[in-house]
Structures are given as structure tokens and as C-alpha cells.
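Participant: Sending over a structure as C-alpha cells; questions will come in a sec.
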There are 2 protein chains.
Amino acid sequence: MIIRDLPPLDVMSPSEIEKIHDISLELLQKEGIEFHNEEAREIFKKNGAKVEGKKVFIPAKLVEEQLKLAPSTFDMFARNPDRKVTIGGGNTVLAPGYGSPFVMDMETGKRRGSTFEDYKTFTILAGNSENIDVVGGVLVEPDDIPDNIRHAKMIYTGVKYTDKVLMGSAMGAKKALDSVKMAGFIYGGEDYVKNHPVLISLINTNSPLQFDNRMTEALMVYARNNQPTIVSSLSMTGTTAPSTIAAALVQQNTEIISGITLSQLVNPGTPVIYGSASSVVDLKTGNLAIGSPETAKMFGGTAQLARFYNIPSRGGGCLTDSIVPDAQSGYESMMVFLTGVCSGFNFILHSAGLLENYMTMSFEKFIMDDEICGMAKEYVAGIKIDEDYLGKKTIMDVGSGGHFLSTDHTYRHMKELRQPGVSLRDRYMSDCPLPDIVGRARKRYQKIVEEYQAPPLERSIDTELQNFIEKLT
Amino acid sequence: MIIRDLPPLDVMSPSEIEKIHDISLELLQKEGIEFHNEEAREIFKKNGAKVEGKKVFIPAKLVEEQLKLAPSTFDMFARNPDRKVTIGGGNTVLAPGYGSPFVMDMETGKRRGSTFEDYKTFTILAGNSENIDVVGGVLVEPDDIPDNIRHAKMIYTGVKYTDKVLMGSAMGAKKALDSVKMAGFIYGGEDYVKNHPVLISLINTNSPLQFDNRMTEALMVYARNNQPTIVSSLSMTGTTAPSTIAAALVQQNTEIISGITLSQLVNPGTPVIYGSASSVVDLKTGNLAIGSPETAKMFGGTAQLARFYNIPSRGGGCLTDSIVPDAQSGYESMMVFLTGVCSGFNFILHSAGLLENYMTMSFEKFIMDDEICGMAKEYVAGIKIDEDYLGKKTIMDVGSGGHFLSTDHTYRHMKELRQPGVSLRDRYMSDCPLPDIVGRARKRYQKIVEEYQAPPLERSIDTELQNFIEKLT
């Protein structure tokens, strides 16, 4: 968990934020938004919205009332109490890459379909990371196991190999319910789960201005069970959103606040996150440009809008459009991740591993991104200042033209400045004669995979989970 | 020139800034600072400072009075009027790498001593850049030409191959005077130069708490000629500075404000920049860690202190500790450069080309860093917002489930989102089947070097400059 000591970096003025809010309310009230799930439409109708076909016209007042009910911060629990995280405020909770269909093979250097074995490996890398807080999501899409058990195997892998906070499945009501049941086994009963957020799930809108059936079902299941969801838009400029950043923010905001409204109508006060994976598209090629400054700015606006609503935010990540872990992948990932943290995101999905926008997960890139996460953490921790840290006495003692190599002040503080920026070289690789960082990342990867010790899982829980998965097949 | 539309990112509170200021004043008054130049000591003495040997004890009141005289912004002029820059406010003016003794050879991939030919090539790369504003400094140290003409050849190269703002030599009074004389030839007389800042020069302190003779002489020459200097500290934690960031900032501030005080005593109101290249040292290895989050934070404090004094600031850059242009060099460079711009630096030296902290200049890295400069520029330009940009009408027209590919709004705005983050691939490399970014950077390098057209220099100026250099030998 990153704890930010710096004020958030704003990219818009308060009046600009209000304009976006006002247009969103007007759009929801007058133009409406499609919910493909009937039950959701009924809930809106019962609360005073007009419904025509799939379209729901939501009164501005209803939206504003419901947005106020969502909590500004909430805790999430893991089987290891030390892994508890607080989502909101100056905190940023990190989850790794999510949803890639491909993996970059370490042997061939080429991308290939991802497997359950890859899923396990990425879980181990995430489990080992000092920075990643959340596992169990769609780290990669394991195509070699059947769809009907995939969600359950992913959660099981998360809890078997780590003791961190878990993500749930958003693929319809059935899989969301399965996720909640498994959480019951893990945390000693459904009652505990009802009172403790333990599963966080990603609910995407279907831009422009739609919610599909499957994700809406899952949203409602999780809301009823008091489990947090990230209501997220992936609006793409010029294709599924207008081609200006401001208008994409308007459309995205309209979608997200309608989803959050639904969550609160289902269960007032249920935890929810205001989220975005929206991005710029280069219309010359049709490619997403997620490693771009425009995407970074759009994320800045997203975080600020969430702050306006006093609801935790999600966006950012170590994002790049590069297809290999090269300098471009480094500078793009740092730009989007660091500005995301500085903008005040409370939850960052895609913190590690992604190449080629959201398409490919790379083991080497995961290791490098983990480094970026640590660097951002150190940066936003700010500068420690007290009388001793200000060092007046040591400066006086050394005086003009001296040196600080042997002062008491240096002995006391030297370990604090530990070069995290080159830790892949320094901390793990002291025997490594400075090859390219890809080589260093592979060496570190080998070390982790060979030495990682999964935190033991109680045998009874393990058995219950395995039996549950067996019955699904 | 980068124009920042976002508020500056602060890393300290106002009271913390004041504490640093207060300790600096106390140190200057009670502990003193060494000036190795006699004339400088005399000037301080005449203005009420106590002098003992090389040490000058400067009254707090004198420092505070003089700091107020330094201008908060000033213009710098180039031979092309369109290349004029304003230093201060929300602007960031960029200069390339400075002072490296080595170049990374493109053929061998290894570092070697730098030559005057390399100097010319980097000048062409800087001249071609859309982002770099200032040339003529010590782009690399050209060891193959004699020291007594080196400074003049560098300025000549800057003005011969580009029409941008120039840097002067800080290597003592003689070379500073030579620089001012050359500026007279270029800009049509010494009178013009006296009234127009046209040369900016880097004056380094000698930490801890010293100013050497050579740099102090140059500072005074430039101040008398109304030419801006960057008074910069390169305090290294644990060696030439205390090992905490806060104390390093205290020491650095003490040095810088005493240098600025001298500049104002020499010529009240002369333009000056509050500068830093200070950095963290990893005491396990003794290496500088300039691509680290600690260094980025220290720079943030530097920019904030300069804002406190209402004097333009210098720091940051595309800095890395990596020895090759790999992912590490990408993410470290982006971190330090982008946080530098967001922190509000008005002048960034080392914007392009550096590898291995300040030791080596790389042609490929220069091309990549230019990309980073462009990305940062786009990011801090903020989000354009007006009625049309907010796009209410187009969102209504398209409605739920439609697309924006063929709307009038998209046609009007699509060119604005042009993927600068992947321009090395996209804008110049459309015929290039996605090799590693080093290959793409080399291809772009070739294109620039082959196609670059130097802006013609008036023959009479060219002759005057050449004659001047001839006489130096």
C-alpha cells in the first residue's frame, strides 16, 4: 500500500469539475442510459426513474442522494491480518495486471496464449512483491481450463499461494455468488463476509452509455453481500467516446455515477470505487495509446472527479504501448503509474506486468514494474523533516570543505537512502556484471520462483475450496 | 519551452520551507561560507559582512534584501526572434545534457572519450528538437581540442548550427569575458548584450559551503554584463552533504542563496536562477543515485524553495543511473524529468542524452529523452475545456451503444490526440516493423543527421567569430 504524503496533483479547476458533473446529471435525466439487466431497471423504476425499453432516465436528485451514501474509505481484509488495506484517503492499493489473453514467453521472446501455469507464476510474483496488495483477479486469462471453473481456480490460486486481499469474478451472478461462497469458506462463514469486505471486483460499463447484463448482475450480487466493486468505464476516444479528453470524461462520469447509484440503491452504504481504464485512441492506426500523456491526463481528471464525489478512485497502472520491455515501456509505464499515484488514485489495477496496452503479460516487465511501484511509493512518501533530519548541527560540525562520510549523523541515516531506483542492480544483483535490465529481471524472476514460500493455508479451508471447485465441474 | 497549466506539485509544507530558510540564514551569519575569490570577499565586506580568511559571515538582513532584488522572470534572446524564451512563472526552458566526459559509441555500444565531432552532432540533435530551447553549453567535453579555445568553439558551434538561446562558459573570468565578447559579435554589439540576456551560464558551488575562485569570477563577470547565471549546488548526501534529504536541502540552500546574494551585490536586479544538481549517494557502493525517487524528492524541495524566494529555479532532467538505454533508463529518466516539470522547475539542464548518471552521453538516449520531454510537455498542458470540448451534443447524438468514428466532433478533434507517447514508432517509423526502441531511435538519428538544415548564419558574424577564435590560439 502506497501512503501519499503529498497533496494530490489536480489537472482541472473546481468549476471545470462541476461542469462535468452538471452535464452528466443532465444526460442521465434527459438522455438516459441503457441497463440490459431487467432487475436493475426495476430497481431504478421503483426509486423514481423513468424506464423506456432498456433505457433508464435517472432524476438528478436521485443520483446526488445515492452518491452521498457511498463510503469515502473502507477496509479490506485478508487471511493474514497484516495484509489488511484501507481504500481511500491518501492510500493507493495495488493490484497486478488484469485480463490479458497473451503472455510473452521467456524462452522465445514472443507472445503466446496464456495458461493456468502462467496464472500461478504471476500469483507467486505478486505474492512475493512488497508493493502489490491484491491478488486473485484475472492476472492472465487461463485459456487451458474450462470457463465454468476458471473463476474458482483463480480465487483458489490467490488464496493458496498468498495471504493477500482477493478479487472476485464479475462474470455474471452465478460466478459472483461462487466467489462470495468461496470467501465464506476462506473467512469462516458468510456472516463474516457480510460484515467484512474481502473480495473486490471489476465491473466495466459498456461504452457509450450502457451496462451489459452480466456485469450488472455481478454488481448487484456484490452490493447485496457488502463486497466492494470498482465501477469502471473503458471509454476510448474517437471510437466508444468522443475524441476530446473533456468529453470522454463527461461520458465516463455519466456511466460511472449511474453504476454507483445502482450499487447504493441495492444496498445503501455498500463500498464502491469510482474507476476508469479509459484511454486515447490514435485514429490513424486505430490503436489504443494507453502509455500516452493524454491518457495520463484523463486519469488525472478521473481521480479528481472521484475526489469531488468523496468516493475512492481507481485508474492508472504501469501502462505501455510497447510490445517489449524496452526503454519505451519503461518511460510510458513510469509516466502513467506515477501520475496516477500523484493524482490520488486509491486503487491501481494493472500495476505490474502489462505490455502492448492490455494485451500481453510479461514476467520480466512484472519485475521491472514492481520496481516502479516501489519508486513511486518512495517519492510520494515525501521528505522527512524534524530537527535531526534538518541537520544544522552536522553541517556546523563539518563546515566548509569537509566531508560527511564519517559523521555520526551519516551513520544514523545512511541506510534510509538506499537507491531503490537501481535495486534490480543493487539489492538482488550484486554478483551480476551489469547486463541489460531484462537479464537482471530474469535473474530476479528465477530467484523468486525458486525460493518463494507460499504462506500455509489451513488444511480444512483448502479441502472445502477444492471440494467446491470439484462440484462446479 | 514547456508551459505548465497545472499547479506546482509541492513536497513540503510552507512551515518546513521556512525552517530551511531560517537555518540557512543562521548558518551564513554565524558559521559563514568560504569564497576562494578575494574580490568577492571584498564585495561582501564592503556590504557589511564579516570576513575571516576565506570565510564570509553574511548578515541575515543583507541576504534577505539581496534575494528580493533578483527578478522573478526574465526573457532570454536568440538570433531567431521566435526562439526567445521566458524563464520563470509556469514555463520550463530545456537544455540538453551538460559536461559528460564520455560518449556511448553507436558502432561498438561502448563508452569512449567524447570529441568535438560528437559535440557537433549533439548540437544538431538539439537544434532539430522541438523541445530543447538552449544550446552551446558543455553538451559533451570535447577533449580533442585545446582547452584555451574549447569554450569559444562550443559557442561558435551552437550559433553556427542552430538559432537557439546560448550558454556561456563558467570556467573563470577570461572565458566568461570571451563568451560575452562573442555574444557581442553575434547580437550586434556589447550594448545590445548589456540590455538583453543572451547567454546563460552554470555556476556550481563547491560543497560543502564553498565557492571556488574560477566559478566565482565567472559569476561576477556575467552579473556585471547582466547575463543570467544558474547558481547551483551539487551536494551529494553522505559525502559532500549530510545523509538526509532535509539537511542536504538546508546546506544546498545556504550555498545557493549566498551565491545569489553576491550576484545582486555585483549588479542589483541581474537575472539569476536558483539551481540544483544535488543527489543521493548509495553509501554501500559510493555511487550517485540520480535516477532515484529520493533525488526526485530533493529536486521537488529545490523548486519549492526557489518559489519561496520568487526566483526562477533549475533542477531535474532525464537522469538515470543505467549504463545503457534500457527500460531502467526509461523509467528513471521519466520519473526525474516529469516530477521536475510538475514541481515547477523553470530551467532543466540535462534534458536529453545522459546515461550512467552524468558520465556518458548517448545519441540513442538523446532521441528517446526528446520524446520524454514532449510527453511531459503534453501532460502539464492540462485538459482543454470549453462547451465544444465537453461534447454534450455529440454524446447526445450518438447515444447508448453507438460509436464516435464518424461524427463531426471527431473529425474536428481527432488530430489533437496524436499519440506522442509512441511517436518514435508512429510519426517517424511507419515503415519500421517494430524493432526495439534503440533501433527506432537510431533510425530517427540517421534521418536527422542526414536531413538537418542549419539556419544560415550571416557571413560577417561567422567571420568575426572565426577570427576571434583564431586569435585565442
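The chains in the C-alpha cells are called A, B, ... from first to last as shown; in each chain the residues are counted from 1, and the ligands are counted from 1 in the order shown.
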Any idea which chain B residues end up within 6 Å of chain A if we count only C-alpha atoms, as a ChimeraX atom specification please?

Facilitator: /B:6,11,208-210,238-240,242-244,246-247,282,289,292-293,326-327,330-331,334,375,379,382,385,389-391,400-401,403-405,410,414,418-419,421

Participant: Could you check which of B:Ala152, B:Ile273, B:Leu262, B:Ala183 is closest to Thr73 (chain B), using only C-alpha atoms?

Facilitator: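 Counting only C-alpha atoms, the residue closest to Thr73 (chain B) is B:Ile273.
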
Participant: Restricting the calculation to only C-alpha atoms: of B:Ile58, B:Ile230, B:Val449, B:Ile203, which residue gets closest to Arg41 (chain B)?

Facilitator: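 Among the listed residues, the smallest separation from Arg41 (chain B) belongs to B:Ile58.
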
Participant: Could you give me, as a PyMOL selection string, the residues within 12 Å of region 171-177 of chain A, counting only C-alpha atoms and dropping anything in the same chain fewer than 4 positions from it?

Facilitator: chain A and resi 37+39+137-138+147-155+167+181-184+190+199-204+212-225+227-229+469+472

Participant: Would you mind reading off the distance between CA of Gly168 (chain A) and CA of Val103 (chain A), one decimal, in Å?

Facilitator: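 Result for CA of Gly168 (chain A) versus CA of Val103 (chain A): 21.9 Å, one decimal.
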
Participant: Using DSSP on the backbone coordinates, identify the residues of region 169-199 of chain B assigned to helix (DSSP H, G or I); present them as a PDB file with C-alpha atoms, in the first residue's frame.

Facilitator:
```pdb
ATOM      1  CA  GLY B 172      36.910  31.655 -14.964  1.00  0.00           C
ATOM      2  CA  ALA B 173      36.804  35.368 -15.762  1.00  0.00           C
ATOM      3  CA  LYS B 174      38.733  35.126 -19.049  1.00  0.00           C
ATOM      4  CA  LYS B 175      36.449  32.571 -20.662  1.00  0.00           C
ATOM      5  CA  ALA B 176      33.342  34.314 -19.362  1.00  0.00           C
ATOM      6  CA  LEU B 177      34.584  37.566 -20.911  1.00  0.00           C
ATOM      7  CA  ASP B 178      35.331  35.734 -24.168  1.00  0.00           C
ATOM      8  CA  SER B 179      31.748  34.442 -24.129  1.00  0.00           C
ATOM      9  CA  VAL B 180      30.364  37.944 -23.642  1.00  0.00           C
ATOM     10  CA  LYS B 181      32.568  39.272 -26.456  1.00  0.00           C
ATOM     11  CA  MET B 182      31.350  36.562 -28.819  1.00  0.00           C
ATOM     12  CA  ALA B 183      27.770  37.396 -27.879  1.00  0.00           C
ATOM     13  CA  GLY B 184      28.601  40.984 -28.890  1.00  0.00           C
ATOM     14  CA  PHE B 185      29.603  39.779 -32.385  1.00  0.00           C
ATOM     15  CA  ILE B 186      26.503  37.628 -32.689  1.00  0.00           C
ATOM     16  CA  TYR B 187      23.993  40.184 -31.466  1.00  0.00           C
ATOM     17  CA  GLU B 190      28.057  44.913 -26.456  1.00  0.00           C
ATOM     18  CA  ASP B 191      25.370  47.478 -25.806  1.00  0.00           C
ATOM     19  CA  TYR B 192      22.681  45.104 -27.022  1.00  0.00           C
ATOM     20  CA  VAL B 193      24.146  42.358 -24.849  1.00  0.00           C
ATOM     21  CA  LYS B 194      24.177  44.595 -21.740  1.00  0.00           C
ATOM     22  CA  ASN B 195      20.449  45.104 -22.147  1.00  0.00           C
TER      23      ASN B 195
END
```

Participant: What does the distance from CA of Asn346 (chain A) to CA of Ala60 (chain A) come to in Å, to one decimal?

Facilitator: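 Going from CA of Asn346 (chain A) over to CA of Ala60 (chain A), I get 26.4 Å.
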
Participant: Just the residues within 6 Å of Gly353 (chain A), please, counting only C-alpha atoms, with nothing from its chain fewer than 3 positions along; format it as a list in words.

Facilitator: Gly97, Met361, Ser362, Lys365 and Phe366 of chain A

Participant: Looking at A:Ser100, A:Thr92, A:Ser460, A:Thr270, which one is nearest to Glu356 (chain A), with distances taken over only C-alpha atoms?

Facilitator: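 The answer is A:Ser100, which sits nearest to Glu356 (chain A).
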
Participant: With only C-alpha atoms as the basis for distance, which of B:Leu305, B:Val272, B:Leu349, B:Ile461 is at the shortest distance from Ser15 (chain B)?

Facilitator: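 Answer, going by the shortest atom-to-atom distance: B:Leu305.
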
Participant: Excluding Ala454 (chain A) and residues on its chain fewer than 2 positions from it, collect all residues at most 8 Å away from it, counting only C-alpha atoms, and give them as a VMD selection string.

Facilitator: chain A and resid 124 127 160 to 162 452 456

Participant: Would you mind reading off the distance between CA of Ile311 (chain B) and CA of Asn80 (chain B), one decimal, in Å?

Facilitator: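 Between these atoms lies a distance of 26.3 Å.
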
Participant: List every residue of region 245-422 of chain A that DSSP, applied to the backbone of this structure, places in strand (DSSP E or B), and write the result as a count of residues only.

Facilitator: 21

Participant: Find the residues around Met76 (chain A) up to 6 Å (only C-alpha atoms counted), leave out those fewer than 6 positions away in its own chain, and share them as a list in words.

Facilitator: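 Here the answer would be Lys84, Val85, Pro197 and Val198 of chain A.
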